[in-house]
>>> print(open('run-v3.cif').read())   # mmCIF, C-alpha atoms
data_query
loop_
_atom_site.group_PDB
_atom_site.id
_atom_site.type_symbol
_atom_site.label_atom_id
_atom_site.label_comp_id
_atom_site.auth_asym_id
_atom_site.auth_seq_id
_atom_site.Cartn_x
_atom_site.Cartn_y
_atom_site.Cartn_z
ATOM 1 C CA MET A 1 -3.231 8.048 20.556
ATOM 2 C CA SER A 2 0.412 7.354 19.633
ATOM 3 C CA ARG A 3 2.561 9.732 17.612
ATOM 4 C CA ARG A 4 2.550 7.258 14.704
ATOM 5 C CA GLU A 5 -1.229 6.996 14.771
ATOM 6 C CA ARG A 6 -1.627 10.793 14.917
ATOM 7 C CA GLU A 7 0.654 11.184 11.895
ATOM 8 C CA ILE A 8 -1.281 8.603 9.856
ATOM 9 C CA PHE A 9 -4.558 10.320 10.721
ATOM 10 C CA ARG A 10 -3.205 13.766 9.873
ATOM 11 C CA VAL A 11 -1.819 12.692 6.475
ATOM 12 C CA THR A 12 -4.927 10.692 5.593
ATOM 13 C CA LEU A 13 -7.282 13.520 6.551
ATOM 14 C CA ALA A 14 -5.305 15.947 4.371
ATOM 15 C CA GLY A 15 -5.643 13.528 1.454
ATOM 16 C CA SER A 16 -9.346 13.063 2.154
ATOM 17 C CA ALA A 17 -10.002 16.798 2.028
ATOM 18 C CA CYS A 18 -8.230 17.047 -1.340
ATOM 19 C CA ASN A 19 -10.088 13.994 -2.678
ATOM 20 C CA VAL A 20 -13.491 15.431 -1.738
ATOM 21 C CA ALA A 21 -12.709 18.721 -3.485
ATOM 22 C CA LEU A 22 -11.278 16.954 -6.551
ATOM 23 C CA LEU A 23 -14.020 14.386 -7.016
ATOM 24 C CA THR A 24 -16.690 17.096 -6.736
ATOM 25 C CA PHE A 25 -14.957 19.253 -9.338
ATOM 26 C CA LYS A 26 -14.320 16.253 -11.613
ATOM 27 C CA PHE A 27 -17.936 15.094 -11.565
ATOM 28 C CA ILE A 28 -19.094 18.629 -12.383
ATOM 29 C CA ALA A 29 -16.453 19.049 -15.113
ATOM 30 C CA GLY A 30 -17.183 15.600 -16.563
ATOM 31 C CA THR A 31 -20.925 16.231 -16.641
ATOM 32 C CA ILE A 32 -20.746 19.762 -18.057
ATOM 33 C CA GLY A 33 -17.908 18.832 -20.423
ATOM 34 C CA HIS A 34 -19.571 15.571 -21.610
ATOM 35 C CA SER A 35 -16.402 13.557 -20.843
ATOM 36 C CA SER A 36 -16.597 9.884 -19.913
ATOM 37 C CA ALA A 37 -12.855 9.944 -19.203
ATOM 38 C CA MET A 38 -13.301 12.732 -16.658
ATOM 39 C CA ILE A 39 -16.250 10.980 -15.015
ATOM 40 C CA ALA A 40 -14.064 7.847 -14.821
ATOM 41 C CA ASP A 41 -11.370 9.945 -13.171
ATOM 42 C CA ALA A 42 -13.986 11.234 -10.719
ATOM 43 C CA VAL A 43 -14.937 7.643 -9.848
ATOM 44 C CA HIS A 44 -11.250 6.983 -9.181
ATOM 45 C CA SER A 45 -11.096 9.974 -6.829
ATOM 46 C CA LEU A 46 -14.248 8.705 -5.111
ATOM 47 C CA SER A 47 -12.540 5.350 -4.533
ATOM 48 C CA ASP A 48 -9.578 7.294 -3.080
ATOM 49 C CA PHE A 49 -11.904 8.981 -0.597
ATOM 50 C CA ILE A 50 -13.465 5.653 0.399
ATOM 51 C CA THR A 51 -10.042 4.085 0.977
ATOM 52 C CA ASP A 52 -9.035 7.092 3.092
ATOM 53 C CA LEU A 53 -11.951 6.256 5.378
ATOM 54 C CA VAL A 54 -10.867 2.596 5.473
ATOM 55 C CA VAL A 55 -7.334 3.608 6.486
ATOM 56 C CA LEU A 56 -8.632 5.884 9.260
ATOM 57 C CA VAL A 57 -10.785 3.108 10.741
ATOM 58 C CA PHE A 58 -8.355 0.199 10.475
ATOM 59 C CA VAL A 59 -5.177 2.037 11.490
ATOM 60 C CA LYS A 60 -7.009 3.088 14.660
ATOM 61 C CA ILE A 61 -7.665 -0.593 15.397
ATOM 62 C CA SER A 62 -4.182 -1.788 14.386
ATOM 63 C CA ALA A 63 -2.546 0.693 16.789
ATOM 64 C CA LYS A 64 -4.134 -1.049 19.794
ATOM 65 C CA PRO A 65 -1.573 -2.899 21.966
ATOM 66 C CA GLN A 66 -1.612 -6.651 22.409
ATOM 67 C CA ASP A 67 -4.264 -8.064 24.691
ATOM 68 C CA ASP A 68 -5.558 -11.436 25.870
ATOM 69 C CA SER A 69 -7.276 -12.110 22.543
ATOM 70 C CA HIS A 70 -4.418 -10.822 20.331
ATOM 71 C CA ASP A 71 -1.056 -11.899 21.734
ATOM 72 C CA TYR A 72 0.778 -10.489 18.697
ATOM 73 C CA GLY A 73 -1.099 -7.191 18.669
ATOM 74 C CA HIS A 74 -3.595 -5.924 16.081
ATOM 75 C CA GLY A 75 -1.204 -5.220 13.197
ATOM 76 C CA LYS A 76 -3.087 -7.496 10.787
ATOM 77 C CA PHE A 77 -5.936 -4.990 10.721
ATOM 78 C CA GLU A 78 -3.652 -2.640 8.796
ATOM 79 C CA THR A 79 -3.084 -5.435 6.274
ATOM 80 C CA ILE A 80 -6.861 -5.865 6.000
ATOM 81 C CA ALA A 81 -7.091 -2.138 5.236
ATOM 82 C CA THR A 82 -4.636 -2.631 2.372
ATOM 83 C CA LEU A 83 -6.754 -5.544 1.109
ATOM 84 C CA PHE A 84 -9.868 -3.346 1.113
ATOM 85 C CA ILE A 85 -8.007 -0.638 -0.794
ATOM 86 C CA GLY A 86 -7.094 -3.195 -3.466
ATOM 87 C CA LEU A 87 -10.698 -4.409 -3.671
ATOM 88 C CA ALA A 88 -11.946 -0.814 -3.955
ATOM 89 C CA LEU A 89 -9.566 -0.298 -6.869
ATOM 90 C CA VAL A 90 -10.880 -3.427 -8.584
ATOM 91 C CA ALA A 91 -14.456 -2.153 -8.205
ATOM 92 C CA ALA A 92 -13.517 1.278 -9.577
ATOM 93 C CA ALA A 93 -11.616 -0.277 -12.490
ATOM 94 C CA THR A 94 -14.541 -2.533 -13.416
ATOM 95 C CA SER A 95 -16.932 0.413 -13.505
ATOM 96 C CA ILE A 96 -14.562 2.510 -15.606
ATOM 97 C CA LEU A 97 -13.772 -0.266 -18.094
ATOM 98 C CA PHE A 98 -17.452 -1.067 -18.546
ATOM 99 C CA ALA A 99 -18.466 2.575 -19.174
ATOM 100 C CA GLY A 100 -15.555 3.184 -21.550
ATOM 101 C CA GLY A 101 -16.149 -0.057 -23.419
ATOM 102 C CA GLU A 102 -19.826 0.794 -23.857
ATOM 103 C CA LYS A 103 -18.989 4.130 -25.526
ATOM 104 C CA LEU A 104 -16.279 2.538 -27.661
ATOM 105 C CA LEU A 105 -18.725 -0.117 -28.855
ATOM 106 C CA SER A 106 -21.220 2.597 -29.735
ATOM 107 C CA TRP A 107 -18.545 4.393 -31.800
ATOM 108 C CA CYS A 108 -17.643 1.147 -33.590
ATOM 109 C CA LYS A 109 -21.296 0.809 -34.615
ATOM 110 C CA GLY A 110 -21.063 4.174 -36.389
ATOM 111 C CA ASN A 111 -22.590 6.420 -33.757
ATOM 112 C CA GLN A 112 -21.031 9.860 -33.282
ATOM 113 C CA LEU A 113 -19.579 10.717 -29.898
ATOM 114 C CA GLN A 114 -19.823 14.199 -28.450
ATOM 115 C CA PRO A 115 -16.337 15.716 -27.936
ATOM 116 C CA PRO A 116 -15.572 16.834 -24.368
ATOM 117 C CA GLY A 117 -15.441 20.493 -23.297
ATOM 118 C CA TRP A 118 -12.448 22.530 -22.154
ATOM 119 C CA ILE A 119 -13.518 22.411 -18.503
ATOM 120 C CA ALA A 120 -12.872 18.670 -18.520
ATOM 121 C CA LEU A 121 -9.327 19.233 -19.822
ATOM 122 C CA TRP A 122 -8.506 21.811 -17.136
ATOM 123 C CA ALA A 123 -9.898 19.485 -14.474
ATOM 124 C CA ALA A 124 -7.639 16.682 -15.710
ATOM 125 C CA ILE A 125 -4.530 18.891 -15.626
ATOM 126 C CA LEU A 126 -5.358 20.115 -12.112
ATOM 127 C CA SER A 127 -5.855 16.523 -10.970
ATOM 128 C CA VAL A 128 -2.411 15.445 -12.232
ATOM 129 C CA VAL A 129 -0.686 18.205 -10.263
ATOM 130 C CA ILE A 130 -2.620 17.795 -7.008
ATOM 131 C CA LYS A 131 -2.527 13.971 -6.931
ATOM 132 C CA GLU A 132 1.206 13.798 -7.621
ATOM 133 C CA ILE A 133 1.834 16.215 -4.733
ATOM 134 C CA LEU A 134 -0.381 14.049 -2.512
ATOM 135 C CA TYR A 135 1.516 10.912 -3.571
ATOM 136 C CA GLN A 136 4.923 12.382 -2.726
ATOM 137 C CA TYR A 137 3.713 13.697 0.645
ATOM 138 C CA THR A 138 1.815 10.541 1.682
ATOM 139 C CA ALA A 139 4.566 8.123 0.583
ATOM 140 C CA PHE A 140 7.222 10.145 2.414
ATOM 141 C CA ARG A 141 5.242 10.169 5.655
ATOM 142 C CA GLY A 142 4.246 6.504 5.216
ATOM 143 C CA ARG A 143 7.911 5.465 5.007
ATOM 144 C CA ALA A 144 8.738 7.690 7.979
ATOM 145 C CA VAL A 145 6.195 5.963 10.253
ATOM 146 C CA ASN A 146 6.505 2.534 8.557
ATOM 147 C CA SER A 147 2.796 2.297 7.688
ATOM 148 C CA GLN A 148 1.898 -0.216 4.990
ATOM 149 C CA ALA A 149 -1.637 1.161 4.709
ATOM 150 C CA LEU A 150 -0.399 4.744 4.324
ATOM 151 C CA ILE A 151 2.076 3.732 1.609
ATOM 152 C CA ALA A 152 -0.683 1.767 -0.152
ATOM 153 C CA ASN A 153 -2.871 4.856 0.003
ATOM 154 C CA ALA A 154 -0.004 6.910 -1.459
ATOM 155 C CA TRP A 155 0.076 4.576 -4.456
ATOM 156 C CA HIS A 156 -3.635 5.117 -4.794
ATOM 157 C CA HIS A 157 -2.857 8.839 -5.156
ATOM 158 C CA ARG A 158 -0.115 8.049 -7.686
ATOM 159 C CA SER A 159 -2.420 5.795 -9.716
ATOM 160 C CA ASP A 160 -4.921 8.657 -9.808
ATOM 161 C CA ALA A 161 -2.197 11.020 -11.058
ATOM 162 C CA LEU A 162 -1.166 8.523 -13.764
ATOM 163 C CA SER A 163 -4.749 7.950 -14.812
ATOM 164 C CA SER A 164 -5.264 11.712 -15.005
ATOM 165 C CA ILE A 165 -2.325 11.930 -17.416
ATOM 166 C CA GLY A 166 -4.100 9.443 -19.690
ATOM 167 C CA THR A 167 -7.312 11.379 -19.185
ATOM 168 C CA THR A 168 -5.571 14.646 -20.112
ATOM 169 C CA VAL A 169 -4.167 13.143 -23.317
ATOM 170 C CA GLY A 170 -7.515 11.599 -24.271
ATOM 171 C CA ILE A 171 -9.590 14.694 -23.547
ATOM 172 C CA GLY A 172 -7.025 17.020 -25.109
ATOM 173 C CA GLY A 173 -6.840 14.903 -28.259
ATOM 174 C CA ALA A 174 -10.621 14.682 -28.513
ATOM 175 C CA ILE A 175 -10.907 18.488 -28.226
ATOM 176 C CA LEU A 176 -7.987 19.572 -30.409
ATOM 177 C CA LEU A 177 -8.274 16.982 -33.206
ATOM 178 C CA GLY A 178 -11.985 17.452 -33.853
ATOM 179 C CA GLN A 179 -15.181 15.379 -33.917
ATOM 180 C CA ARG A 180 -13.742 12.296 -35.608
ATOM 181 C CA TRP A 181 -11.268 11.868 -32.729
ATOM 182 C CA ALA A 182 -13.866 12.113 -29.965
ATOM 183 C CA VAL A 183 -13.311 8.378 -29.450
ATOM 184 C CA LEU A 184 -10.041 9.264 -27.667
ATOM 185 C CA ASP A 185 -12.102 10.232 -24.616
ATOM 186 C CA PRO A 186 -13.563 6.746 -23.920
ATOM 187 C CA LEU A 187 -10.246 5.183 -24.942
ATOM 188 C CA ALA A 188 -8.558 7.259 -22.252
ATOM 189 C CA SER A 189 -11.093 6.021 -19.698
ATOM 190 C CA ILE A 190 -10.278 2.412 -20.641
ATOM 191 C CA ILE A 191 -6.563 3.120 -20.127
ATOM 192 C CA VAL A 192 -7.430 4.546 -16.692
ATOM 193 C CA GLY A 193 -9.242 1.328 -15.836
ATOM 194 C CA ALA A 194 -6.304 -0.818 -16.963
ATOM 195 C CA LEU A 195 -3.882 1.180 -14.784
ATOM 196 C CA LEU A 196 -6.193 0.706 -11.827
ATOM 197 C CA VAL A 197 -6.247 -3.048 -12.342
ATOM 198 C CA LYS A 198 -2.438 -3.190 -12.344
ATOM 199 C CA VAL A 199 -2.158 -1.271 -9.052
ATOM 200 C CA ALA A 200 -4.983 -3.306 -7.487
ATOM 201 C CA VAL A 201 -3.301 -6.623 -8.309
ATOM 202 C CA LYS A 202 -0.078 -5.460 -6.665
ATOM 203 C CA LEU A 203 -1.852 -4.372 -3.469
ATOM 204 C CA LEU A 204 -3.980 -7.528 -3.306
ATOM 205 C CA LYS A 205 -0.952 -9.762 -3.829
ATOM 206 C CA THR A 206 0.908 -8.100 -0.938
ATOM 207 C CA SER A 207 -2.004 -8.094 1.502
ATOM 208 C CA ILE A 208 -3.158 -11.639 0.717
ATOM 209 C CA GLY A 209 0.433 -12.834 1.102
ATOM 210 C CA GLU A 210 0.635 -11.325 4.581
ATOM 211 C CA LEU A 211 -2.776 -12.613 5.637
ATOM 212 C CA THR A 212 -1.777 -16.126 4.539
ATOM 213 C CA GLU A 213 1.484 -15.891 6.521
ATOM 214 C CA SER A 214 3.886 -15.695 3.584
ATOM 215 C CA SER A 215 7.580 -15.521 4.506
ATOM 216 C CA LEU A 216 9.805 -12.503 4.134
ATOM 217 C CA PRO A 217 11.791 -12.327 0.852
ATOM 218 C CA GLU A 218 14.634 -14.838 0.541
ATOM 219 C CA GLU A 219 17.282 -12.103 0.582
ATOM 220 C CA THR A 220 15.858 -10.773 3.876
ATOM 221 C CA GLU A 221 15.994 -14.236 5.439
ATOM 222 C CA HIS A 222 19.624 -14.581 4.315
ATOM 223 C CA GLU A 223 20.316 -11.235 6.010
ATOM 224 C CA ILE A 224 18.745 -12.533 9.232
ATOM 225 C CA GLU A 225 20.951 -15.636 9.156
ATOM 226 C CA LYS A 226 23.999 -13.444 8.537
ATOM 227 C CA ILE A 227 23.159 -11.268 11.562
ATOM 228 C CA ILE A 228 22.777 -14.363 13.769
ATOM 229 C CA ASN A 229 26.033 -15.880 12.499
ATOM 230 C CA SER A 230 27.907 -12.636 13.264
ATOM 231 C CA LEU A 231 27.757 -13.338 16.998
ATOM 232 C CA PRO A 232 30.631 -15.431 18.413
ATOM 233 C CA GLY A 233 29.474 -18.593 20.109
ATOM 234 C CA VAL A 234 26.339 -18.936 17.957
ATOM 235 C CA TYR A 235 26.322 -21.590 15.229
ATOM 236 C CA GLU A 236 24.164 -22.968 12.443
ATOM 237 C CA PRO A 237 20.928 -20.947 12.502
ATOM 238 C CA HIS A 238 18.183 -23.177 11.101
ATOM 239 C CA ASN A 239 14.408 -23.717 11.063
ATOM 240 C CA LEU A 240 14.064 -20.009 10.293
ATOM 241 C CA ARG A 241 10.467 -18.835 10.097
ATOM 242 C CA THR A 242 9.470 -15.282 9.219
ATOM 243 C CA ARG A 243 6.300 -13.304 8.572
ATOM 244 C CA THR A 244 4.880 -9.825 8.882
ATOM 245 C CA ILE A 245 2.205 -8.630 11.301
ATOM 246 C CA GLY A 246 1.008 -5.308 9.957
ATOM 247 C CA ASN A 247 4.017 -3.004 10.200
ATOM 248 C CA ARG A 248 5.951 -5.443 12.412
ATOM 249 C CA THR A 249 8.220 -8.362 11.591
ATOM 250 C CA ALA A 250 8.097 -11.752 13.331
ATOM 251 C CA ILE A 251 11.191 -13.986 13.382
ATOM 252 C CA GLU A 252 11.631 -17.471 14.801
ATOM 253 C CA ALA A 253 14.941 -19.344 14.586
ATOM 254 C CA HIS A 254 16.804 -22.296 16.069
ATOM 255 C CA VAL A 255 20.503 -21.797 16.876
ATOM 256 C CA ARG A 256 23.232 -24.026 18.256
ATOM 257 C CA MET A 257 25.501 -23.105 21.181
ATOM 258 C CA ASP A 258 28.122 -24.816 23.306
ATOM 259 C CA GLY A 259 26.221 -27.321 25.438
ATOM 260 C CA ASN A 260 28.610 -26.823 28.353
ATOM 261 C CA MET A 261 27.912 -23.095 28.820
ATOM 262 C CA SER A 262 25.706 -21.986 31.704
ATOM 263 C CA LEU A 263 22.077 -21.037 31.304
ATOM 264 C CA ASN A 264 23.023 -17.410 32.047
ATOM 265 C CA GLU A 265 25.586 -17.394 29.225
ATOM 266 C CA ALA A 266 23.146 -18.958 26.767
ATOM 267 C CA HIS A 267 20.463 -16.477 27.736
ATOM 268 C CA HIS A 268 22.923 -13.598 27.286
ATOM 269 C CA LEU A 269 23.761 -14.786 23.752
ATOM 270 C CA ALA A 270 20.075 -15.164 22.855
ATOM 271 C CA THR A 271 19.438 -11.614 24.130
ATOM 272 C CA GLN A 272 22.285 -10.322 21.948
ATOM 273 C CA ILE A 273 20.684 -11.972 18.912
ATOM 274 C CA GLU A 274 17.372 -10.302 19.727
ATOM 275 C CA GLN A 275 19.012 -6.899 20.164
ATOM 276 C CA LYS A 276 20.834 -7.112 16.838
ATOM 277 C CA LEU A 277 17.695 -8.180 14.981
ATOM 278 C CA LYS A 278 15.652 -5.399 16.600
ATOM 279 C CA GLN A 279 18.294 -2.871 15.603
ATOM 280 C CA ARG A 280 17.744 -3.936 12.003
ATOM 281 C CA PHE A 281 13.974 -4.616 11.892
ATOM 282 C CA GLY A 282 12.601 -2.337 14.629
ATOM 283 C CA ARG A 283 12.105 -2.399 18.378
ATOM 284 C CA GLN A 284 8.651 -3.999 18.082
ATOM 285 C CA THR A 285 9.901 -7.017 16.143
ATOM 286 C CA HIS A 286 8.624 -10.335 17.540
ATOM 287 C CA ILE A 287 11.622 -12.654 18.024
ATOM 288 C CA THR A 288 11.724 -16.236 19.290
ATOM 289 C CA ILE A 289 15.107 -17.957 19.645
ATOM 290 C CA HIS A 290 15.271 -21.708 20.383
ATOM 291 C CA MET A 291 18.674 -22.841 21.661
ATOM 292 C CA GLU A 292 20.184 -26.281 20.970
ATOM 293 C CA PRO A 293 23.545 -27.759 22.063
ATOM 294 C CA VAL A 294 26.257 -28.216 19.434
ATOM 295 C CA LYS A 295 26.455 -31.914 18.534
#
>>> encode(input="run-v3.cif", output="structure tokens")
Amino acid sequence: MSRREREIFRVTLAGSACNVALLTFKFIAGTIGHSSAMIADAVHSLSDFITDLVVLVFVKISAKPQDDSHDYGHGKFETIATLFIGLALVAAATSILFAGGEKLLSWCKGNQLQPPGWIALWAAILSVVIKEILYQYTAFRGRAVNSQALIANAWHHRSDALSSIGTTVGIGGAILLGQRWAVLDPLASIIVGALLVKVAVKLLKTSIGELTESSLPEETEHEIEKIINSLPGVYEPHNLRTRTIGNRTAIEAHVRMDGNMSLNEAHHLATQIEQKLKQRFGRQTHITIHMEPVK
């Protein structure tokens, strides 16, 4: 197991342990405290735990080196993990929005809602603190090891922290303002669901883009062309094609060189291009340089 893989496993397992403890406490607090917002928050934490398991499985696969059946390695499996995380968020959001909307509809029909108990409020406050700490830790380590799945999982922690803020406000308002404001609890759960949808769309957009071979951002491609043009004897980079393979970048480009130079000289220039690009995008970057004579 590589150092990168060990780090991803260690960070994800730490998050999983916290998620199990939190979701258990939230379900108990939501049930005892009669809070739909807290139960919605517990569902969110449950989805966090499920996505932790997805990350552990798929990062293990994505770390495998290239083989006869995967010439470019297994990096796309990490992208698939990110896709599953987004889908899990959509499922959690749908459940939360439905439950909250059902209670809100009941209130609109004149039915009284039971205000939540104090245990639900304390659970919400604890969740905000713990999940924000988990976000900061997971995002920091994800950037350090350049793991898309780990960073996506960090945002899952952050979305849980944000949703818990809404939950805290809703539960606190329902408790402190009295019976007539008990509707703030299901309203808070609906806000939680909306936040989940927003995060899910972002993750799905990124992962689907990578799985459908979308190019790197235009400014990144301009940077690649600038790096190639910085080498003397290399002209007019064109037919640039870029994509991502998990945590790796793939770059293909055509360049023009003096047609009278020797094959050794041309090869040396192409190697210099590769070295400069790998210095910028990582040693595992896939680079293909096609050389053409200057016309």
>>> atom_distance(input="run-v3.cif", atom1="atom CA of Leu23 of chain A", atom2="atom CA of Phe140 of chain A")
23.6 Å
>>> residues_around(input="run-v3.cif", residues="Gly172 of chain A", least_positions_apart="6", cutoff="9 Å", atoms="all atoms listed in the file", output="list of chain:residue names")
A:Pro116, A:Trp118, A:Ala120, A:Leu121, A:Leu184, A:Asp185
>>> resolve_selection(input="run-v3.cif", expression="the PyMOL selection byres ((chain A and resi 157) around 10)", output="MDAnalysis selection string")
chainID A and resid 15 19 44:45 48 128 130:136 138:139 151:156 158:163
>>> atom_distance(input="run-v3.cif", atom1="atom CA of Lys226 of chain A", atom2="atom CA of Arg143 of chain A")
25.1 Å
>>> closest_residue(input="run-v3.cif", among="A:Thr82, A:Gln114, A:Ser189, A:Asn239", to="His34 of chain A", atoms="all atoms listed in the file")
A:Gln114
>>> closest_residue(input="run-v3.cif", among="A:Ser127, A:Gln284, A:Ser47, A:Gln112", to="Val90 of chain A", atoms="all atoms listed in the file")
A:Ser47
>>> residues_around(input="run-v3.cif", residues="Pro186 of chain A", least_positions_apart="3", cutoff="10 Å", atoms="only C-alpha atoms", output="PyMOL selection string")
chain A and resi 35-38+40+96-97+99-105+107+113+167+170-171+174+182-183+189-192
>>> atom_distance(input="run-v3.cif", atom1="atom CA of Gln275 of chain A", atom2="atom CA of Met261 of chain A")
20.4 Å
>>> closest_residue(input="run-v3.cif", among="A:Ala42, A:Ala124, A:Val57, A:Ala93", to="Leu195 of chain A", atoms="only C-alpha atoms")
A:Ala93
>>> resolve_selection(input="run-v3.cif", expression="the PyMOL selection byres ((chain A and resi 253) around 10)", output="JSON list (two decimals) with C-alpha atoms, keeping the file's coordinate frame")
[["chain", "number", "residue", "atom", "x", "y", "z"],
["A", 224, "ILE", "CA", 18.74, -12.53, 9.23],
["A", 225, "GLU", "CA", 20.95, -15.64, 9.16],
["A", 228, "ILE", "CA", 22.78, -14.36, 13.77],
["A", 237, "PRO", "CA", 20.93, -20.95, 12.50],
["A", 238, "HIS", "CA", 18.18, -23.18, 11.10],
["A", 239, "ASN", "CA", 14.41, -23.72, 11.06],
["A", 240, "LEU", "CA", 14.06, -20.01, 10.29],
["A", 241, "ARG", "CA", 10.47, -18.84, 10.10],
["A", 242, "THR", "CA", 9.47, -15.28, 9.22],
["A", 251, "ILE", "CA", 11.19, -13.99, 13.38],
["A", 252, "GLU", "CA", 11.63, -17.47, 14.80],
["A", 254, "HIS", "CA", 16.80, -22.30, 16.07],
["A", 255, "VAL", "CA", 20.50, -21.80, 16.88],
["A", 287, "ILE", "CA", 11.62, -12.65, 18.02],
["A", 288, "THR", "CA", 11.72, -16.24, 19.29],
["A", 289, "ILE", "CA", 15.11, -17.96, 19.64],
["A", 290, "HIS", "CA", 15.27, -21.71, 20.38],
["A", 291, "MET", "CA", 18.67, -22.84, 21.66]]
>>> residues_around(input="run-v3.cif", residues="Thr12 of chain A", least_positions_apart="6", cutoff="9 Å", atoms="all atoms listed in the file", output="VMD selection string")
chain A and resid 52 to 53 55 to 56 138 150 153
>>> closest_residue(input="run-v3.cif", among="A:Ser16, A:Asn111, A:Ser164, A:Thr206", to="Ile39 of chain A", atoms="all atoms listed in the file")
A:Ser164
